[in-house]
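Visitor: So that we are looking at the same thing, I have put the structure below in structure tokens.
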Amino acid sequence: MIRENLAVVRGKIEAAAARAGRPAGAVTLVAVTKGVAAPLVAETVREGALHLGESKVQEAAAKRLSVEKLLGRIERPVHWHMVGHLQTNKVRDAVRIFDLIHSVDSVRLAREIDRQAARLGKTQEILLQVNLAAEKSKSGFAASESLRAFKEVQGLGSLRVAGLMTIAPLAAGMDQARGCFRALRQLRDDIEQAAGGSLPELSMGMTDDFEAAVEEGATMVRVGRAIFGERQA
């Protein structure tokens with residue numbers, strides 16, 4: 001099942017990228033493994049999915065150890081992504097576990113990540129989460145706050161802002177989701193022009209809308225259900 005599902009998702013990414021005149025290799029598939037048992041995650045890695053997304057720090061810590069034991073030595077490294085909301089009291093463990101934290105939604109959180117990364121002698125890569133739809137149920141910077149936040153965070157010595165992340169409204173139609181993705185790409189371009197930094201990554205698009213996200217410039221899509229099926233929350 002995993003092999004077939006991955007092939008379908010990869011085929012859709014490739015087709016969407018082609019429609020936008022982009023190479024499929026410009027898009028990283030992050031397989032969201034929240035709620036997926038370690039043996040199935042290890043199988044996913046063996047099928048070439050080397051970027052894994054988790055939403056809970058405690059679950060990810062135990063799962064990473066189990067997956068690494070199951071895999072043993074592999075030729076290419078596995079990259080672990082934090083894609084869920086991160087509480088400041090979980091930052092110490094998150095910095096130890098994750099290669100990229102997608103969900104940095106406050107300057108306070110960024111400063112704590114920087115502090116904990118400095119303790120470990122690590123430069124932690126992060127994305128700034130932007131709440132473009134201004135949904136009260138979602139975390140993230142307002143679009144109008146994003147440039148100021150980037151300027152405050154980019155000078156911290158033990159983290160690197162690699163780009164932006166957003167979540168399209170869950171009840172949105174495809175046109176609204178596409179508009180959200182287009183707005184994130186434009187916001188990224190505006191921040192780069194105003195602040196002189198480089199934000200190469202755009203993490204946007206999930207199972208229901210990742211094809212539109214790829215067409216609008218996503219460099220990372222976070223896909224779980226299309227690979228693993230429905231899971232318990």
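Residues are referred to by chain and number: the chain letter is A, B, ... according to the order shown in the structure tokens, the number counts from 1 in that chain, and ligands are numbered separately from 1 in the order shown.
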For Arg3 (chain A), work out the shell of residues within 12 Å, counting only C-alpha atoms and skipping chain neighbours fewer than 6 positions away, then give it as a list in words.

Guide: Val9, Arg10, Leu40, Val41, Glu43, Thr44, Val45, Arg46, Glu47, Gly48, Ala49, Ala226, Ile227 and Phe228 of chain A

Visitor: For region 11-20 of chain A, find every residue with an atom within 10 Å (counting only C-alpha atoms), except residues of its own chain fewer than 6 positions away, and show them as a list of chain:residue names.

Guide: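 With the cut-off at 10 Å, the set is A:Asn5, A:Ala26, A:Val27, A:Thr28, A:Leu29, A:Phe210, A:Glu211, A:Ala212, A:Ala213, A:Val214, A:Glu215, A:Glu216, A:Gly217, A:Ala218, A:Val221.
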
Visitor: Using only C-alpha atoms, find the one residue out of A:His81, A:Arg64, A:Lys136, A:Lys151 that sits nearest to Ile101 (chain A).

Guide: A:His81

Visitor: Excluding Glu68 (chain A) and any residue of its chain fewer than 3 positions from it, enumerate the residues within 12 Å of it, using only C-alpha atoms, and give them as a PyMOL selection string.

Guide: chain A and resi 38-39+41-43+45-46+60-65+71-74+77-80

Visitor: Would you write out those residues with N, CA and C atoms, as an mmCIF file, in the first residue's frame?

Guide:
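Resulting contents of out-v4.cif:
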```cif
data_model
loop_
_atom_site.group_PDB
_atom_site.id
_atom_site.type_symbol
_atom_site.label_atom_id
_atom_site.label_comp_id
_atom_site.auth_asym_id
_atom_site.auth_seq_id
_atom_site.Cartn_x
_atom_site.Cartn_y
_atom_site.Cartn_z
ATOM 1 N N ALA A 38 6.016 2.830 14.070
ATOM 2 C CA ALA A 38 7.406 2.875 13.609
ATOM 3 C C ALA A 38 7.710 1.892 12.478
ATOM 4 N N PRO A 39 7.238 0.628 12.515
ATOM 5 C CA PRO A 39 7.552 -0.273 11.394
ATOM 6 C C PRO A 39 7.041 0.230 10.048
ATOM 7 N N VAL A 41 6.577 3.428 9.317
ATOM 8 C CA VAL A 41 7.423 4.575 8.985
ATOM 9 C C VAL A 41 8.737 4.091 8.380
ATOM 10 N N ALA A 42 9.312 3.055 8.958
ATOM 11 C CA ALA A 42 10.562 2.503 8.411
ATOM 12 C C ALA A 42 10.347 1.999 6.985
ATOM 13 N N GLU A 43 9.206 1.369 6.736
ATOM 14 C CA GLU A 43 8.891 0.919 5.375
ATOM 15 C C GLU A 43 8.803 2.113 4.422
ATOM 16 N N VAL A 45 10.384 4.941 4.664
ATOM 17 C CA VAL A 45 11.748 5.397 4.382
ATOM 18 C C VAL A 45 12.403 4.488 3.349
ATOM 19 N N ARG A 46 12.204 3.192 3.486
ATOM 20 C CA ARG A 46 12.806 2.260 2.523
ATOM 21 C C ARG A 46 12.268 2.478 1.119
ATOM 22 N N ALA A 60 7.309 11.959 18.512
ATOM 23 C CA ALA A 60 8.421 11.954 17.571
ATOM 24 C C ALA A 60 9.704 11.433 18.205
ATOM 25 N N ALA A 61 9.932 11.783 19.467
ATOM 26 C CA ALA A 61 11.162 11.352 20.137
ATOM 27 C C ALA A 61 11.248 9.834 20.202
ATOM 28 N N ALA A 62 10.167 9.209 20.651
ATOM 29 C CA ALA A 62 10.158 7.757 20.751
ATOM 30 C C ALA A 62 10.201 7.102 19.374
ATOM 31 N N LYS A 63 9.464 7.684 18.438
ATOM 32 C CA LYS A 63 9.381 7.079 17.109
ATOM 33 C C LYS A 63 10.714 7.168 16.370
ATOM 34 N N ARG A 64 11.405 8.285 16.509
ATOM 35 C CA ARG A 64 12.683 8.413 15.813
ATOM 36 C C ARG A 64 13.654 7.337 16.285
ATOM 37 N N LEU A 65 13.736 7.110 17.582
ATOM 38 C CA LEU A 65 14.624 6.065 18.096
ATOM 39 C C LEU A 65 14.245 4.706 17.529
ATOM 40 N N LEU A 71 15.820 0.636 10.915
ATOM 41 C CA LEU A 71 16.497 0.872 9.649
ATOM 42 C C LEU A 71 17.966 0.469 9.687
ATOM 43 N N GLY A 72 18.584 0.588 10.865
ATOM 44 C CA GLY A 72 20.020 0.356 10.914
ATOM 45 C C GLY A 72 20.746 1.406 10.105
ATOM 46 N N ARG A 73 21.788 1.019 9.441
ATOM 47 C CA ARG A 73 22.546 1.963 8.626
ATOM 48 C C ARG A 73 21.913 2.073 7.247
ATOM 49 N N ILE A 74 21.621 3.305 6.832
ATOM 50 C CA ILE A 74 21.091 3.538 5.497
ATOM 51 C C ILE A 74 21.988 4.544 4.778
ATOM 52 N N PRO A 77 20.529 10.131 4.630
ATOM 53 C CA PRO A 77 19.951 10.500 5.928
ATOM 54 C C PRO A 77 18.453 10.768 5.832
ATOM 55 N N VAL A 78 17.765 10.512 6.948
ATOM 56 C CA VAL A 78 16.352 10.836 7.082
ATOM 57 C C VAL A 78 16.243 12.192 7.764
ATOM 58 N N HIS A 79 15.363 13.039 7.249
ATOM 59 C CA HIS A 79 15.177 14.389 7.794
ATOM 60 C C HIS A 79 13.835 14.435 8.521
ATOM 61 N N TRP A 80 13.864 14.912 9.761
ATOM 62 C CA TRP A 80 12.667 14.970 10.590
ATOM 63 C C TRP A 80 12.165 16.413 10.684
#
```

Visitor: Here is a test: counting only C-alpha atoms, which residue of A:Gln87, A:Gln154, A:Gln186, A:Asn131 is nearest to Asp114 (chain A)?

Guide: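 Selected residue with least distance to Asp114 (chain A): A:Gln154.
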
Visitor: Hey, what does DSSP flag as alpha helix (DSSP H) within region 106-185 of chain A? Can you give it to me as a PyMOL selection string?

Guide: chain A and resi 107-120+143-153+174-185

Visitor: Would you output that residue set with N, CA and C atoms, as a CSV table (one decimal), in the first residue's frame?

Guide:
```
chain,number,residue,atom,x,y,z
A,107,VAL,N,7.7,35.5,17.9
A,107,VAL,CA,9.1,35.8,18.2
A,107,VAL,C,9.6,35.2,19.4
A,108,ARG,N,8.7,35.1,20.4
A,108,ARG,CA,9.1,34.5,21.7
A,108,ARG,C,9.5,33.0,21.5
A,109,LEU,N,8.8,32.3,20.7
A,109,LEU,CA,9.1,30.9,20.4
A,109,LEU,C,10.5,30.9,19.7
A,110,ALA,N,10.7,31.7,18.7
A,110,ALA,CA,11.9,31.8,18.0
A,110,ALA,C,13.1,32.0,18.9
A,111,ARG,N,13.0,32.9,19.8
A,111,ARG,CA,14.0,33.2,20.8
A,111,ARG,C,14.4,32.0,21.7
A,112,GLU,N,13.3,31.2,22.1
A,112,GLU,CA,13.6,30.1,22.9
A,112,GLU,C,14.3,29.0,22.0
A,113,ILE,N,13.9,28.8,20.8
A,113,ILE,CA,14.5,27.9,19.9
A,113,ILE,C,16.0,28.3,19.8
A,114,ASP,N,16.3,29.5,19.6
A,114,ASP,CA,17.6,30.0,19.4
A,114,ASP,C,18.4,29.7,20.7
A,115,ARG,N,17.8,29.9,21.9
A,115,ARG,CA,18.5,29.6,23.1
A,115,ARG,C,18.9,28.2,23.3
A,116,GLN,N,17.9,27.3,23.0
A,116,GLN,CA,18.1,25.9,23.2
A,116,GLN,C,19.1,25.4,22.1
A,117,ALA,N,19.0,25.9,20.9
A,117,ALA,CA,20.0,25.5,19.9
A,117,ALA,C,21.4,25.9,20.2
A,118,ALA,N,21.6,27.0,20.8
A,118,ALA,CA,22.9,27.5,21.2
A,118,ALA,C,23.5,26.5,22.3
A,119,ARG,N,22.6,26.0,23.2
A,119,ARG,CA,23.1,25.1,24.2
A,119,ARG,C,23.6,23.8,23.6
A,120,LEU,N,23.1,23.4,22.4
A,120,LEU,CA,23.5,22.2,21.8
A,120,LEU,C,24.6,22.4,20.7
A,143,ALA,N,-0.2,38.4,8.1
A,143,ALA,CA,0.7,38.8,7.0
A,143,ALA,C,1.4,40.1,7.3
A,144,SER,N,0.6,41.0,7.9
A,144,SER,CA,1.1,42.4,8.2
A,144,SER,C,2.3,42.4,9.2
A,145,GLU,N,2.4,41.3,10.0
A,145,GLU,CA,3.4,41.2,11.1
A,145,GLU,C,4.6,40.5,10.6
A,146,SER,N,4.6,39.9,9.4
A,146,SER,CA,5.6,38.9,9.1
A,146,SER,C,6.9,39.5,8.8
A,147,LEU,N,7.0,40.7,8.2
A,147,LEU,CA,8.2,41.4,7.9
A,147,LEU,C,8.9,41.8,9.2
A,148,ARG,N,8.2,42.4,10.1
A,148,ARG,CA,8.7,42.7,11.4
A,148,ARG,C,9.3,41.5,12.1
A,149,ALA,N,8.5,40.4,12.1
A,149,ALA,CA,9.0,39.2,12.8
A,149,ALA,C,10.2,38.7,12.2
A,150,PHE,N,10.3,38.7,10.8
A,150,PHE,CA,11.5,38.2,10.2
A,150,PHE,C,12.7,39.0,10.5
A,151,LYS,N,12.5,40.3,10.6
A,151,LYS,CA,13.7,41.2,10.9
A,151,LYS,C,14.1,40.9,12.3
A,152,GLU,N,13.2,40.7,13.2
A,152,GLU,CA,13.6,40.4,14.6
A,152,GLU,C,14.3,39.1,14.8
A,153,VAL,N,13.9,38.1,14.0
A,153,VAL,CA,14.4,36.8,14.2
A,153,VAL,C,15.7,36.5,13.4
A,174,MET,N,-11.1,25.0,-3.5
A,174,MET,CA,-9.8,25.0,-4.1
A,174,MET,C,-9.3,26.4,-4.5
A,175,ASP,N,-10.3,27.2,-5.0
A,175,ASP,CA,-9.9,28.6,-5.4
A,175,ASP,C,-9.4,29.4,-4.2
A,176,GLN,N,-10.0,29.2,-3.1
A,176,GLN,CA,-9.6,30.0,-1.9
A,176,GLN,C,-8.2,29.4,-1.4
A,177,ALA,N,-8.0,28.1,-1.4
A,177,ALA,CA,-6.8,27.5,-1.0
A,177,ALA,C,-5.7,28.0,-2.0
A,178,ARG,N,-5.9,28.0,-3.2
A,178,ARG,CA,-4.9,28.5,-4.2
A,178,ARG,C,-4.6,30.0,-4.0
A,179,GLY,N,-5.6,30.8,-3.6
A,179,GLY,CA,-5.3,32.2,-3.3
A,179,GLY,C,-4.4,32.3,-2.1
A,180,CYS,N,-4.6,31.5,-1.1
A,180,CYS,CA,-3.8,31.5,0.1
A,180,CYS,C,-2.4,31.1,-0.3
A,181,PHE,N,-2.2,30.1,-1.1
A,181,PHE,CA,-0.8,29.7,-1.5
A,181,PHE,C,-0.1,30.8,-2.3
A,182,ARG,N,-0.9,31.4,-3.2
A,182,ARG,CA,-0.3,32.5,-4.0
A,182,ARG,C,0.1,33.7,-3.1
A,183,ALA,N,-0.7,34.0,-2.1
A,183,ALA,CA,-0.4,35.1,-1.2
A,183,ALA,C,0.8,34.8,-0.4
A,184,LEU,N,1.0,33.6,0.0
A,184,LEU,CA,2.3,33.2,0.7
A,184,LEU,C,3.5,33.5,-0.1
A,185,ARG,N,3.4,33.0,-1.4
A,185,ARG,CA,4.5,33.2,-2.3
A,185,ARG,C,4.8,34.7,-2.5
```

Visitor: Extract, using only C-alpha atoms, all DNA, RNA and protein residues at most 12 Å from Val161 (chain A), discarding same-chain residues fewer than 3 positions from it, and format them as a ChimeraX atom specification.

Guide: /A:100-104,107,110,113-114,123-129,149-158,164-165,188,191-192,197-202

Visitor: Go ahead and save the picked residues with N, CA, C and O atoms, as a compact mmCIF listing (two decimals), in the first residue's frame.

Guide:
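Here's the written file out06.txt:
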```txt
# COMPACT_ATOMS: atom_id res chain seq x y z
N LEU A 100 14.11 20.49 10.84
CA LEU A 100 13.41 21.71 10.42
C LEU A 100 12.11 21.83 11.22
O LEU A 100 11.33 20.88 11.29
N ILE A 101 11.89 23.00 11.81
CA ILE A 101 10.65 23.29 12.53
C ILE A 101 9.83 24.23 11.67
O ILE A 101 10.22 25.37 11.43
N HIS A 102 8.68 23.74 11.18
CA HIS A 102 7.86 24.51 10.24
C HIS A 102 6.98 25.55 10.94
O HIS A 102 6.53 26.49 10.29
N SER A 103 6.70 25.36 12.23
CA SER A 103 5.57 26.03 12.86
C SER A 103 5.97 27.09 13.89
O SER A 103 5.40 27.15 14.97
N VAL A 104 6.93 27.92 13.55
CA VAL A 104 7.35 28.99 14.46
C VAL A 104 6.38 30.16 14.30
O VAL A 104 6.36 30.83 13.26
N VAL A 107 7.71 35.45 17.92
CA VAL A 107 9.11 35.82 18.15
C VAL A 107 9.60 35.19 19.45
O VAL A 107 10.76 34.75 19.55
N ALA A 110 10.67 31.74 18.71
CA ALA A 110 11.93 31.75 17.97
C ALA A 110 13.11 32.01 18.90
O ALA A 110 14.17 31.38 18.76
N ILE A 113 13.86 28.82 20.79
CA ILE A 113 14.54 27.88 19.90
C ILE A 113 16.01 28.26 19.76
O ILE A 113 16.90 27.40 19.82
N ASP A 114 16.27 29.53 19.56
CA ASP A 114 17.65 30.01 19.44
C ASP A 114 18.44 29.69 20.71
O ASP A 114 19.60 29.23 20.64
N THR A 123 22.78 25.00 14.72
CA THR A 123 22.00 26.02 14.03
C THR A 123 20.68 25.37 13.59
O THR A 123 20.68 24.50 12.73
N GLN A 124 19.60 25.78 14.22
CA GLN A 124 18.29 25.17 13.96
C GLN A 124 17.61 25.88 12.80
O GLN A 124 17.42 27.09 12.82
N GLU A 125 17.21 25.13 11.80
CA GLU A 125 16.46 25.70 10.68
C GLU A 125 14.98 25.76 11.05
O GLU A 125 14.42 24.82 11.63
N ILE A 126 14.35 26.89 10.71
CA ILE A 126 12.94 27.09 11.03
C ILE A 126 12.23 27.72 9.84
O ILE A 126 12.85 28.28 8.94
N LEU A 127 10.90 27.62 9.88
CA LEU A 127 10.03 28.38 8.99
C LEU A 127 9.12 29.23 9.87
O LEU A 127 8.73 28.82 10.96
N LEU A 128 8.76 30.41 9.40
CA LEU A 128 7.79 31.24 10.09
C LEU A 128 6.39 30.87 9.59
O LEU A 128 6.13 30.91 8.39
N GLN A 129 5.51 30.53 10.52
CA GLN A 129 4.15 30.18 10.15
C GLN A 129 3.31 31.44 10.01
O GLN A 129 3.29 32.28 10.92
N ALA A 149 8.53 40.44 12.10
CA ALA A 149 8.97 39.22 12.78
C ALA A 149 10.25 38.68 12.15
O ALA A 149 11.18 38.28 12.86
N PHE A 150 10.29 38.67 10.83
CA PHE A 150 11.49 38.18 10.16
C PHE A 150 12.71 39.02 10.53
O PHE A 150 13.80 38.49 10.81
N LYS A 151 12.54 40.32 10.55
CA LYS A 151 13.67 41.19 10.90
C LYS A 151 14.14 40.94 12.33
O LYS A 151 15.35 41.00 12.61
N GLU A 152 13.20 40.68 13.24
CA GLU A 152 13.58 40.42 14.63
C GLU A 152 14.30 39.10 14.79
O GLU A 152 15.21 38.96 15.59
N VAL A 153 13.89 38.12 14.00
CA VAL A 153 14.39 36.76 14.19
C VAL A 153 15.66 36.47 13.40
O VAL A 153 16.51 35.69 13.84
N GLN A 154 15.82 37.11 12.25
CA GLN A 154 16.91 36.71 11.36
C GLN A 154 18.30 36.98 11.95
O GLN A 154 19.27 36.34 11.55
N GLY A 155 18.38 37.86 12.94
CA GLY A 155 19.68 38.14 13.54
C GLY A 155 20.07 37.21 14.66
O GLY A 155 21.19 37.30 15.18
N LEU A 156 19.19 36.29 15.06
CA LEU A 156 19.51 35.36 16.13
C LEU A 156 20.59 34.39 15.65
O LEU A 156 20.54 33.87 14.54
N GLY A 157 21.56 34.14 16.52
CA GLY A 157 22.78 33.47 16.07
C GLY A 157 22.69 31.98 15.90
O GLY A 157 23.54 31.39 15.20
N SER A 158 21.70 31.32 16.50
CA SER A 158 21.67 29.86 16.46
C SER A 158 20.45 29.31 15.73
O SER A 158 20.06 28.16 15.93
N LEU A 164 8.81 30.26 4.75
CA LEU A 164 7.50 30.48 5.36
C LEU A 164 6.64 29.23 5.22
O LEU A 164 6.83 28.41 4.33
N MET A 165 5.67 29.12 6.14
CA MET A 165 4.71 28.02 6.10
C MET A 165 3.31 28.57 6.31
O MET A 165 3.13 29.56 7.01
N ARG A 188 6.44 36.11 0.66
CA ARG A 188 7.85 35.74 0.69
C ARG A 188 8.69 36.68 -0.19
O ARG A 188 9.73 37.18 0.22
N ILE A 191 9.02 40.11 1.47
CA ILE A 191 9.95 40.12 2.61
C ILE A 191 11.39 40.09 2.11
O ILE A 191 12.25 40.82 2.61
N GLU A 192 11.65 39.26 1.13
CA GLU A 192 13.01 39.19 0.58
C GLU A 192 13.43 40.54 0.03
O GLU A 192 14.57 40.98 0.25
N GLY A 197 16.89 39.41 2.76
CA GLY A 197 17.23 38.03 3.11
C GLY A 197 16.81 37.07 2.02
O GLY A 197 16.26 37.45 0.99
N SER A 198 17.08 35.79 2.27
CA SER A 198 16.69 34.74 1.34
C SER A 198 15.78 33.76 2.06
O SER A 198 16.14 33.23 3.11
N LEU A 199 14.62 33.52 1.50
CA LEU A 199 13.64 32.59 2.08
C LEU A 199 13.26 31.57 1.01
O LEU A 199 12.21 31.67 0.38
N PRO A 200 14.11 30.58 0.80
CA PRO A 200 13.88 29.67 -0.33
C PRO A 200 12.72 28.71 -0.16
O PRO A 200 12.18 28.23 -1.16
N GLU A 201 12.31 28.43 1.08
CA GLU A 201 11.31 27.38 1.29
C GLU A 201 9.91 27.95 1.50
O GLU A 201 9.70 28.89 2.26
N LEU A 202 8.95 27.33 0.81
CA LEU A 202 7.53 27.60 1.02
C LEU A 202 6.85 26.27 1.33
O LEU A 202 6.68 25.43 0.45
```

Visitor: What's the 6 Å shell around Ser55 (chain A), counting only C-alpha atoms, without same-chain residues fewer than 6 positions away, as a PyMOL selection string?

Guide: chain A and resi 82-84

Visitor: Would you mind telling me which residue in A:Ala162, A:Leu6, A:Met204, A:Lys69 lies nearest to Thr219 (chain A) when using only C-alpha atoms?

Guide: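 Nearest candidate to Thr219 (chain A) out of A:Ala162, A:Leu6, A:Met204, A:Lys69: A:Met204.
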
Visitor: Which of region 67-174 of chain A end up as strand (DSSP E) when DSSP is run on this backbone - answer as a compact mmCIF listing (two decimals) with C-alpha atoms, in the first residue's frame?

Guide:
```txt
# COMPACT_ATOMS: atom_id res chain seq x y z
CA HIS A 79 15.18 14.39 7.79
CA TRP A 80 12.67 14.97 10.59
CA HIS A 81 10.24 17.89 10.36
CA MET A 82 8.13 19.42 13.14
CA LEU A 100 13.41 21.71 10.42
CA ILE A 101 10.65 23.29 12.53
CA HIS A 102 7.86 24.51 10.24
CA SER A 103 5.57 26.03 12.86
CA VAL A 104 7.35 28.99 14.46
CA GLN A 124 18.29 25.17 13.96
CA GLU A 125 16.46 25.70 10.68
CA ILE A 126 12.94 27.09 11.03
CA LEU A 127 10.03 28.38 8.99
CA LEU A 128 7.79 31.24 10.09
CA GLN A 129 4.15 30.18 10.15
CA LEU A 159 18.79 29.62 14.04
CA ARG A 160 18.21 30.16 10.34
CA VAL A 161 14.91 31.26 8.87
CA ALA A 162 14.64 29.12 5.75
CA GLY A 163 11.21 30.26 4.60
CA LEU A 164 7.50 30.48 5.36
CA MET A 165 4.71 28.02 6.10
```
